[in-house]
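Structure file start.cif (mmCIF, C-alpha atoms) is printed below.
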```
data_upload
loop_
_atom_site.group_PDB
_atom_site.id
_atom_site.type_symbol
_atom_site.label_atom_id
_atom_site.label_comp_id
_atom_site.auth_asym_id
_atom_site.auth_seq_id
_atom_site.Cartn_x
_atom_site.Cartn_y
_atom_site.Cartn_z
ATOM 1 C CA MET N 1 195.507 72.795 60.194
ATOM 2 C CA GLU N 2 195.808 70.019 57.652
ATOM 3 C CA ASN N 3 194.959 72.379 54.788
ATOM 4 C CA SER N 4 197.514 75.061 55.641
ATOM 5 C CA ASP N 5 199.773 73.891 52.831
ATOM 6 C CA THR N 6 196.965 73.567 50.270
ATOM 7 C CA SER N 7 198.327 76.425 48.186
ATOM 8 C CA LYS N 8 201.728 74.727 47.944
ATOM 9 C CA ARG N 9 200.299 71.405 46.792
ATOM 10 C CA PRO N 10 200.781 70.670 43.088
ATOM 11 C CA LYS N 11 198.064 70.852 40.449
ATOM 12 C CA LEU N 12 197.475 68.125 37.907
ATOM 13 C CA VAL N 13 198.120 68.708 34.219
ATOM 14 C CA GLU N 14 195.843 67.258 31.574
ATOM 15 C CA PHE N 15 197.794 65.199 29.056
ATOM 16 C CA GLU N 16 195.981 63.475 26.173
ATOM 17 C CA GLY N 17 192.779 63.900 28.182
ATOM 18 C CA ILE N 18 194.200 62.299 31.357
ATOM 19 C CA PRO N 19 195.071 64.387 34.457
ATOM 20 C CA ILE N 20 198.582 63.441 35.606
ATOM 21 C CA LEU N 21 201.410 64.957 37.635
ATOM 22 C CA LYS N 22 203.183 67.921 36.061
ATOM 23 C CA GLU N 23 206.606 66.288 36.520
ATOM 24 C CA THR N 24 205.491 63.276 34.488
ATOM 25 C CA VAL N 25 204.391 65.531 31.637
ATOM 26 C CA GLU N 26 207.612 67.571 31.828
ATOM 27 C CA ASN N 27 209.591 64.319 31.454
ATOM 28 C CA TRP N 28 207.272 62.848 28.840
ATOM 29 C CA ASN N 29 209.999 62.253 26.244
ATOM 30 C CA LEU N 30 211.907 60.127 28.763
ATOM 31 C CA VAL N 31 208.781 58.262 29.864
ATOM 32 C CA SER N 32 207.333 57.553 26.425
ATOM 33 C CA GLY N 33 210.761 56.575 25.110
ATOM 34 C CA PHE N 34 211.359 54.127 27.963
ATOM 35 C CA GLN N 35 212.848 50.925 26.560
ATOM 36 C CA ALA N 36 211.185 47.862 27.991
ATOM 37 C CA ARG N 37 213.111 44.601 27.834
ATOM 38 C CA PRO N 38 211.450 41.332 26.770
ATOM 39 C CA ASP N 39 211.884 39.832 30.250
ATOM 40 C CA ASP N 40 210.441 42.857 32.093
ATOM 41 C CA LEU N 41 207.366 42.223 34.224
ATOM 42 C CA LEU N 42 205.018 45.195 34.604
ATOM 43 C CA LEU N 43 202.631 45.542 37.550
ATOM 44 C CA CYS N 44 199.861 48.003 36.841
ATOM 45 C CA THR N 45 196.872 49.262 38.803
ATOM 46 C CA TYR N 46 194.662 52.279 39.190
ATOM 47 C CA PRO N 47 196.024 54.052 42.302
ATOM 48 C CA LYS N 48 195.085 52.484 45.651
ATOM 49 C CA ALA N 49 193.922 49.199 44.152
ATOM 50 C CA GLY N 50 196.433 46.985 45.953
ATOM 51 C CA THR N 51 199.603 48.095 44.165
ATOM 52 C CA THR N 52 202.039 47.604 47.047
ATOM 53 C CA TRP N 53 200.309 44.342 47.887
ATOM 54 C CA ILE N 54 200.811 42.838 44.418
ATOM 55 C CA GLN N 55 204.394 44.181 44.381
ATOM 56 C CA GLU N 56 205.235 42.325 47.601
ATOM 57 C CA ILE N 57 203.385 39.191 46.467
ATOM 58 C CA VAL N 58 205.284 39.110 43.167
ATOM 59 C CA ASP N 59 208.656 39.744 44.833
ATOM 60 C CA MET N 60 207.984 36.901 47.280
ATOM 61 C CA VAL N 61 206.901 34.558 44.482
ATOM 62 C CA GLN N 62 210.009 35.412 42.442
ATOM 63 C CA HIS N 63 212.210 34.723 45.479
ATOM 64 C CA ARG N 64 210.344 31.522 46.377
ATOM 65 C CA GLY N 65 209.154 32.840 49.724
ATOM 66 C CA ASP N 66 212.540 34.108 50.940
ATOM 67 C CA ALA N 67 211.514 37.060 53.111
ATOM 68 C CA GLN N 68 215.159 38.057 53.702
ATOM 69 C CA LYS N 69 215.705 38.631 49.986
ATOM 70 C CA CYS N 70 212.534 40.722 49.908
ATOM 71 C CA ALA N 71 213.987 42.869 52.717
ATOM 72 C CA ARG N 72 216.947 43.892 50.517
ATOM 73 C CA ALA N 73 215.458 47.362 49.902
ATOM 74 C CA SER N 74 212.255 49.382 50.142
ATOM 75 C CA ILE N 75 209.458 48.284 47.822
ATOM 76 C CA TYR N 76 209.780 51.413 45.661
ATOM 77 C CA GLU N 77 213.464 50.575 45.026
ATOM 78 C CA ARG N 78 212.870 46.882 44.376
ATOM 79 C CA ILE N 79 210.046 47.601 41.909
ATOM 80 C CA PRO N 80 210.445 51.127 40.486
ATOM 81 C CA TYR N 81 207.432 53.284 39.637
ATOM 82 C CA ILE N 82 208.500 54.274 36.142
ATOM 83 C CA GLU N 83 206.575 57.528 35.644
ATOM 84 C CA LEU N 84 207.193 59.065 39.082
ATOM 85 C CA PHE N 85 209.575 62.019 39.430
ATOM 86 C CA PRO N 86 209.476 62.851 43.146
ATOM 87 C CA PRO N 87 211.222 65.796 44.771
ATOM 88 C CA LYS N 88 214.935 65.311 45.424
ATOM 89 C CA PRO N 89 216.671 63.553 47.126
ATOM 90 C CA VAL N 90 214.304 60.679 46.196
ATOM 91 C CA ARG N 91 215.442 59.193 42.884
ATOM 92 C CA SER N 92 212.978 58.949 40.033
ATOM 93 C CA GLY N 93 211.520 55.575 39.202
ATOM 94 C CA LEU N 94 212.980 55.903 35.729
ATOM 95 C CA GLU N 95 216.519 56.341 37.082
ATOM 96 C CA MET N 96 216.091 53.286 39.292
ATOM 97 C CA ALA N 97 214.646 51.210 36.448
ATOM 98 C CA LEU N 98 217.445 52.123 34.036
ATOM 99 C CA ALA N 99 220.076 51.111 36.599
ATOM 100 C CA MET N 100 218.468 47.708 37.286
ATOM 101 C CA PRO N 101 219.824 44.481 35.836
ATOM 102 C CA SER N 102 217.408 42.149 34.056
ATOM 103 C CA PRO N 103 214.984 40.655 34.752
ATOM 104 C CA ARG N 104 213.208 43.745 36.103
ATOM 105 C CA THR N 105 209.826 44.084 37.773
ATOM 106 C CA LEU N 106 208.363 47.552 37.244
ATOM 107 C CA LYS N 107 205.283 49.453 38.346
ATOM 108 C CA SER N 108 202.954 51.899 36.613
ATOM 109 C CA HIS N 109 199.535 53.459 37.149
ATOM 110 C CA PHE N 110 199.099 54.398 33.494
ATOM 111 C CA PRO N 111 195.897 53.681 31.618
ATOM 112 C CA VAL N 112 196.636 51.445 28.613
ATOM 113 C CA GLN N 113 196.859 54.313 26.124
ATOM 114 C CA LEU N 114 199.666 56.121 28.000
ATOM 115 C CA LEU N 115 201.882 53.089 28.630
ATOM 116 C CA PRO N 116 205.241 53.360 26.800
ATOM 117 C CA THR N 117 204.777 51.434 23.544
ATOM 118 C CA SER N 118 207.922 49.349 24.065
ATOM 119 C CA PHE N 119 206.046 47.238 26.666
ATOM 120 C CA TRP N 120 203.629 46.112 23.948
ATOM 121 C CA GLU N 121 206.357 45.764 21.322
ATOM 122 C CA GLN N 122 208.466 43.549 23.589
ATOM 123 C CA ASN N 123 205.401 41.488 24.519
ATOM 124 C CA CYS N 124 206.179 41.919 28.215
ATOM 125 C CA LYS N 125 204.154 40.035 30.791
ATOM 126 C CA MET N 126 201.883 42.300 32.840
ATOM 127 C CA ILE N 127 199.803 41.839 35.966
ATOM 128 C CA TYR N 128 196.856 44.185 36.535
ATOM 129 C CA VAL N 129 194.926 44.415 39.806
ATOM 130 C CA ALA N 130 191.474 46.015 39.869
ATOM 131 C CA ARG N 131 189.624 47.055 43.020
ATOM 132 C CA ASN N 132 185.981 48.065 43.366
ATOM 133 C CA ALA N 133 185.411 51.763 42.754
ATOM 134 C CA LYS N 134 183.940 52.559 46.164
ATOM 135 C CA ASP N 135 186.832 51.270 48.258
ATOM 136 C CA CYS N 136 189.274 52.630 45.687
ATOM 137 C CA ALA N 137 187.781 56.126 45.971
ATOM 138 C CA VAL N 138 187.937 56.106 49.786
ATOM 139 C CA SER N 139 191.527 54.888 49.831
ATOM 140 C CA PHE N 140 192.567 57.414 47.169
ATOM 141 C CA PHE N 141 190.948 60.237 49.167
ATOM 142 C CA HIS N 142 192.948 59.377 52.293
ATOM 143 C CA PHE N 143 196.086 58.930 50.196
ATOM 144 C CA HIS N 144 195.656 62.458 48.783
ATOM 145 C CA ARG N 145 195.404 63.811 52.314
ATOM 146 C CA MET N 146 198.855 62.473 53.257
ATOM 147 C CA ASN N 147 200.668 62.595 49.898
ATOM 148 C CA LYS N 148 202.319 65.990 49.445
ATOM 149 C CA ILE N 149 202.967 65.462 45.734
ATOM 150 C CA LEU N 150 199.251 65.135 44.957
ATOM 151 C CA PRO N 151 196.713 67.978 44.971
ATOM 152 C CA ASP N 152 194.759 68.655 48.144
ATOM 153 C CA PRO N 153 191.608 66.493 47.905
ATOM 154 C CA GLY N 154 189.245 69.008 49.506
ATOM 155 C CA THR N 155 186.216 67.496 51.247
ATOM 156 C CA TRP N 156 185.178 63.884 50.748
ATOM 157 C CA GLU N 157 182.137 65.120 48.785
ATOM 158 C CA ASP N 158 184.323 67.186 46.456
ATOM 159 C CA PHE N 159 186.809 64.389 45.973
ATOM 160 C CA LEU N 160 184.157 61.777 45.183
ATOM 161 C CA GLU N 161 182.595 64.107 42.618
ATOM 162 C CA ASN N 162 186.006 64.517 40.944
ATOM 163 C CA PHE N 163 186.680 60.776 41.160
ATOM 164 C CA ILE N 164 183.407 59.900 39.410
ATOM 165 C CA ALA N 165 184.077 62.570 36.759
ATOM 166 C CA GLY N 166 187.619 61.257 36.158
ATOM 167 C CA LYS N 167 189.163 64.540 37.320
ATOM 168 C CA VAL N 168 191.736 62.893 39.566
ATOM 169 C CA CYS N 169 195.274 61.693 38.912
ATOM 170 C CA TYR N 170 195.266 59.017 36.163
ATOM 171 C CA GLY N 171 191.757 59.946 35.105
ATOM 172 C CA SER N 172 188.636 57.827 35.091
ATOM 173 C CA TRP N 173 188.647 54.654 37.197
ATOM 174 C CA PHE N 174 185.982 53.266 34.841
ATOM 175 C CA ASP N 175 188.094 53.813 31.713
ATOM 176 C CA HIS N 176 191.210 52.494 33.457
ATOM 177 C CA VAL N 177 189.811 49.156 34.619
ATOM 178 C CA ARG N 178 187.961 48.680 31.347
ATOM 179 C CA GLY N 179 190.949 49.575 29.145
ATOM 180 C CA TRP N 180 193.150 46.977 30.826
ATOM 181 C CA TRP N 181 190.309 44.424 30.849
ATOM 182 C CA GLU N 182 189.981 44.725 27.078
ATOM 183 C CA ALA N 183 193.766 44.708 26.551
ATOM 184 C CA LYS N 184 194.076 41.303 28.237
ATOM 185 C CA ASP N 185 192.424 39.674 25.214
ATOM 186 C CA HIS N 186 195.339 40.743 23.001
ATOM 187 C CA HIS N 187 198.349 40.770 25.339
ATOM 188 C CA SER N 188 200.025 38.677 28.030
ATOM 189 C CA ILE N 189 198.103 40.186 30.944
ATOM 190 C CA LEU N 190 197.006 38.477 34.169
ATOM 191 C CA TYR N 191 193.967 40.438 35.403
ATOM 192 C CA LEU N 192 193.272 40.015 39.115
ATOM 193 C CA PHE N 193 190.706 41.457 41.512
ATOM 194 C CA TYR N 194 191.612 42.905 44.916
ATOM 195 C CA GLU N 195 188.540 41.315 46.475
ATOM 196 C CA ASP N 196 189.532 37.854 45.218
ATOM 197 C CA ILE N 197 193.051 38.199 46.684
ATOM 198 C CA LYS N 198 191.519 39.271 49.992
ATOM 199 C CA GLU N 199 189.046 36.368 50.019
ATOM 200 C CA ASN N 200 191.398 33.599 48.876
ATOM 201 C CA PRO N 201 195.015 34.781 48.870
ATOM 202 C CA ALA N 202 196.524 31.312 48.336
ATOM 203 C CA GLN N 203 194.463 30.734 45.197
ATOM 204 C CA GLU N 204 195.304 34.139 43.688
ATOM 205 C CA ILE N 205 199.010 33.942 44.615
ATOM 206 C CA GLN N 206 199.101 30.548 42.906
ATOM 207 C CA LYS N 207 197.701 32.231 39.757
ATOM 208 C CA VAL N 208 200.576 34.715 39.900
ATOM 209 C CA ALA N 209 203.127 31.915 40.266
ATOM 210 C CA GLN N 210 201.643 29.981 37.347
ATOM 211 C CA PHE N 211 201.613 33.109 35.179
ATOM 212 C CA LEU N 212 205.320 33.559 35.949
ATOM 213 C CA ASN N 213 206.035 29.835 35.364
ATOM 214 C CA ILE N 214 207.170 29.378 38.971
ATOM 215 C CA GLU N 215 206.305 26.291 40.988
ATOM 216 C CA LEU N 216 205.598 26.816 44.678
ATOM 217 C CA SER N 217 205.354 24.113 47.297
ATOM 218 C CA ALA N 218 202.398 24.247 49.688
ATOM 219 C CA SER N 219 204.672 25.383 52.528
ATOM 220 C CA VAL N 220 206.238 28.207 50.485
ATOM 221 C CA LEU N 221 202.790 29.306 49.327
ATOM 222 C CA GLY N 222 201.727 29.417 52.982
ATOM 223 C CA GLN N 223 204.756 31.548 53.863
ATOM 224 C CA ILE N 224 203.926 34.017 51.098
ATOM 225 C CA VAL N 225 200.296 34.241 52.262
ATOM 226 C CA GLN N 226 201.469 35.040 55.826
ATOM 227 C CA HIS N 227 204.144 37.507 54.717
ATOM 228 C CA THR N 228 201.732 39.462 52.507
ATOM 229 C CA ARG N 229 198.863 39.711 54.992
ATOM 230 C CA PHE N 230 197.878 43.349 55.531
ATOM 231 C CA GLU N 231 198.907 43.211 59.198
ATOM 232 C CA SER N 232 202.350 41.839 58.282
ATOM 233 C CA MET N 233 202.923 44.408 55.565
ATOM 234 C CA LYS N 234 201.786 47.280 57.762
ATOM 235 C CA GLU N 235 204.596 46.367 60.181
ATOM 236 C CA ASN N 236 207.164 45.735 57.431
ATOM 237 C CA PRO N 237 209.458 48.783 56.997
ATOM 238 C CA MET N 238 210.429 47.532 53.527
ATOM 239 C CA ALA N 239 206.763 47.641 52.420
ATOM 240 C CA ASN N 240 205.010 50.338 54.476
ATOM 241 C CA TYR N 241 206.801 53.378 52.988
ATOM 242 C CA SER N 242 208.054 54.452 56.423
ATOM 243 C CA SER N 243 211.431 55.181 54.794
ATOM 244 C CA MET N 244 209.851 57.774 52.490
ATOM 245 C CA PRO N 245 210.447 61.295 53.884
ATOM 246 C CA SER N 246 207.482 62.994 55.525
ATOM 247 C CA SER N 247 207.970 65.881 53.096
ATOM 248 C CA VAL N 248 206.554 63.451 50.498
ATOM 249 C CA LEU N 249 204.281 61.129 52.507
ATOM 250 C CA ASP N 250 203.026 62.490 55.818
ATOM 251 C CA GLN N 251 201.952 59.372 57.678
ATOM 252 C CA SER N 252 200.908 61.431 60.695
ATOM 253 C CA VAL N 253 197.909 62.579 58.584
ATOM 254 C CA SER N 254 196.933 59.088 57.433
ATOM 255 C CA PRO N 255 199.019 55.900 57.342
ATOM 256 C CA PHE N 256 200.157 54.667 53.926
ATOM 257 C CA MET N 257 198.842 51.229 54.936
ATOM 258 C CA ARG N 258 195.482 52.363 56.236
ATOM 259 C CA LYS N 259 192.940 49.516 56.398
ATOM 260 C CA GLY N 260 193.320 47.166 53.444
ATOM 261 C CA THR N 261 189.738 45.906 53.746
ATOM 262 C CA VAL N 262 186.763 45.359 51.478
ATOM 263 C CA GLY N 263 183.693 47.411 52.419
ATOM 264 C CA ASP N 264 185.296 50.372 54.222
ATOM 265 C CA TRP N 265 183.381 52.565 51.751
ATOM 266 C CA LYS N 266 180.276 52.086 53.946
ATOM 267 C CA GLU N 267 181.919 54.366 56.537
ATOM 268 C CA HIS N 268 182.141 57.210 53.990
ATOM 269 C CA PHE N 269 179.399 56.962 51.357
ATOM 270 C CA THR N 270 175.897 58.291 51.807
ATOM 271 C CA THR N 271 173.077 56.236 50.268
ATOM 272 C CA ALA N 272 172.787 58.800 47.461
ATOM 273 C CA GLN N 273 176.529 58.687 46.727
ATOM 274 C CA SER N 274 176.464 54.896 46.668
ATOM 275 C CA GLN N 275 173.541 54.877 44.231
ATOM 276 C CA GLN N 276 175.225 57.465 42.014
ATOM 277 C CA LEU N 277 178.385 55.392 41.763
ATOM 278 C CA ASP N 278 176.409 52.190 41.129
ATOM 279 C CA GLU N 279 174.548 53.886 38.289
ATOM 280 C CA THR N 280 177.761 55.241 36.757
ATOM 281 C CA CYS N 281 179.322 51.766 37.009
ATOM 282 C CA ALA N 282 176.355 50.175 35.259
ATOM 283 C CA GLN N 283 176.479 52.808 32.535
ATOM 284 C CA LYS N 284 180.257 52.738 31.932
ATOM 285 C CA LEU N 285 180.970 49.030 32.432
ATOM 286 C CA GLY N 286 177.582 47.565 31.540
ATOM 287 C CA ASN N 287 178.507 45.626 28.407
ATOM 288 C CA SER N 288 182.147 44.909 29.300
ATOM 289 C CA GLY N 289 181.686 41.689 31.259
ATOM 290 C CA LEU N 290 183.524 43.322 34.178
ATOM 291 C CA GLN N 291 181.947 42.762 37.575
ATOM 292 C CA PHE N 292 183.053 44.068 40.941
ATOM 293 C CA ARG N 293 182.190 43.046 44.456
ATOM 294 C CA THR N 294 181.875 45.792 47.061
ATOM 295 C CA GLU N 295 181.719 43.345 49.964
ATOM 296 C CA ILE N 296 182.852 39.786 50.594
#
```
As structure tokens, how would this structure be written, given the file I've shared?
Amino acid sequence: MENSDTSKRPKLVEFEGIPILKETVENWNLVSGFQARPDDLLLCTYPKAGTTWIQEIVDMVQHRGDAQKCARASIYERIPYIELFPPKPVRSGLEMALAMPSPRTLKSHFPVQLLPTSFWEQNCKMIYVARNAKDCAVSFFHFHRMNKILPDPGTWEDFLENFIAGKVCYGSWFDHVRGWWEAKDHHSILYLFYEDIKENPAQEIQKVAQFLNIELSASVLGQIVQHTRFESMKENPMANYSSMPSSVLDQSVSPFMRKGTVGDWKEHFTTAQSQQLDETCAQKLGNSGLQFRTEI
């Protein structure tokens, strides 16, 4: 009876044309007035595009491969999610961020136009990870099933329709990836692709280190690659959200770390759905220079 609590699940609120969580809108003055510091690092993604992965990679790079230091707290405490206001007793990301000493690493899923302006004003470094729309949609669907603070996704068909129309949390995937892609030409943004990290993690982790002006030896780089493998992270209680109460994330419905692959969309999409998404991609991203791989 997975849908028995459907009526209790929250609804999204449209804010400046983007559907987001009601609690974020209710706390908008706090969120929009958030004071970034010049040495803040912001990690941003569309949901389910490798967010936790890039968080763990960055933390390991910053601590030069010291896995013990990266086990100091759960990932959501080490790198707060600034616009999330979960049910008590879980502290809001904003509270955690405000209490953190500099330099801070922070997380957001905002499209460029909703990001607190202080991040741009302070010229903060940002890392954005983009994942192909098909795998992103599948992962987001399963995440909705187990995440009690998101609306019930309905059937896969319904969810995909909403995803393509941008009627899901954080709005259109197409606008999101494109907005950040265009912003990188004017700001200090490292734009990475999920599929590239999967295919050649050492190369992409090295890009992160260089962006952060950190030198890694070959052996430390190898340690980081091993530590941030999907299988390692799935077993890591500081990364797999197992410490989050089941009243928020019900991992008996679907694990937070589900598959972490490229191409799982083939298990869910019909030929017609795949063609529809390809056509929408071509239409919305056609002249942007952005290209995504749906298999490697």
For this session: Name all residues at most 9 Å from Ile205 in chain N (count all atoms listed in the file; drop same-chain ones fewer than 2 positions away) and give them as an MDAnalysis selection string.
Result: chainID N and resid 57:58 61 197 200:203 207:210 221 224:225
For this session: Output the residue selection produced by the PyMOL selection byres ((chain N and resi 33-44) around 7) on the file above, formatted as a count of residues only.
Result: 23
For this session: Can you work out which one of N:Phe269, N:Phe211, N:Tyr170, N:Phe85 has the shortest atom-to-atom distance to Glu14 in chain N, counting all atoms listed in the file?
Result: N:Tyr170
Exercise. Which one of N:Ser74, N:Thr24, N:Gln62, N:Asn132 sits closest to Ile296 in chain N if you count only C-alpha atoms?
Worked result: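 Selected residue with least distance to Ile296 in chain N: N:Asn132.
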For this session: Just the residues within 8 Å of Val138 in chain N, please, counting all atoms listed in the file, with nothing from its chain fewer than 6 positions along; format it as JSON, numbers by chain.
Result: {"N": [264, 265, 268]}
Problem set entry | Neighbour residues at most 12 Å from (177.1, 60.0, 47.0) (only C-alpha atoms) as a list in words | Lys134, Ala137, Val138, Trp156, Glu157, Asp158, Phe159, Leu160, Glu161, Asn162, Phe163, Ile164, Trp265, Lys266, His268, Phe269, Thr270, Thr271, Ala272, Gln273, Ser274, Gln275, Gln276, Leu277, Asp278, Glu279 and Thr280 of chain N
Selection above as a file: C-alpha atoms, as a JSON list (two decimals), in the coordinates of the input:
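Writing the result to again.json gives the following:
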```
[["chain", "number", "residue", "atom", "x", "y", "z"],
["N", 134, "LYS", "CA", 183.94, 52.56, 46.16],
["N", 137, "ALA", "CA", 187.78, 56.13, 45.97],
["N", 138, "VAL", "CA", 187.94, 56.11, 49.79],
["N", 156, "TRP", "CA", 185.18, 63.88, 50.75],
["N", 157, "GLU", "CA", 182.14, 65.12, 48.78],
["N", 158, "ASP", "CA", 184.32, 67.19, 46.46],
["N", 159, "PHE", "CA", 186.81, 64.39, 45.97],
["N", 160, "LEU", "CA", 184.16, 61.78, 45.18],
["N", 161, "GLU", "CA", 182.60, 64.11, 42.62],
["N", 162, "ASN", "CA", 186.01, 64.52, 40.94],
["N", 163, "PHE", "CA", 186.68, 60.78, 41.16],
["N", 164, "ILE", "CA", 183.41, 59.90, 39.41],
["N", 265, "TRP", "CA", 183.38, 52.56, 51.75],
["N", 266, "LYS", "CA", 180.28, 52.09, 53.95],
["N", 268, "HIS", "CA", 182.14, 57.21, 53.99],
["N", 269, "PHE", "CA", 179.40, 56.96, 51.36],
["N", 270, "THR", "CA", 175.90, 58.29, 51.81],
["N", 271, "THR", "CA", 173.08, 56.24, 50.27],
["N", 272, "ALA", "CA", 172.79, 58.80, 47.46],
["N", 273, "GLN", "CA", 176.53, 58.69, 46.73],
["N", 274, "SER", "CA", 176.46, 54.90, 46.67],
["N", 275, "GLN", "CA", 173.54, 54.88, 44.23],
["N", 276, "GLN", "CA", 175.22, 57.46, 42.01],
["N", 277, "LEU", "CA", 178.38, 55.39, 41.76],
["N", 278, "ASP", "CA", 176.41, 52.19, 41.13],
["N", 279, "GLU", "CA", 174.55, 53.89, 38.29],
["N", 280, "THR", "CA", 177.76, 55.24, 36.76]]
```
Problem set entry | Between CA of Pro80 in chain N and CA of Asn147 in chain N, distance in Å (one decimal) |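 It comes out at 17.8 Å.
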Problem set entry | Residue with smallest distance to Met96 in chain N - pool N:Lys167, N:Arg78, N:Lys148, N:His142, counting all atoms listed in the file |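 The answer is N:Arg78, which sits nearest to Met96 in chain N.
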For this session: Report the distance between CA of Gly222 in chain N and CA of Ala67 in chain N in Å, rounded to one decimal place.
Result: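 Distance between the two atoms: 12.4 Å.
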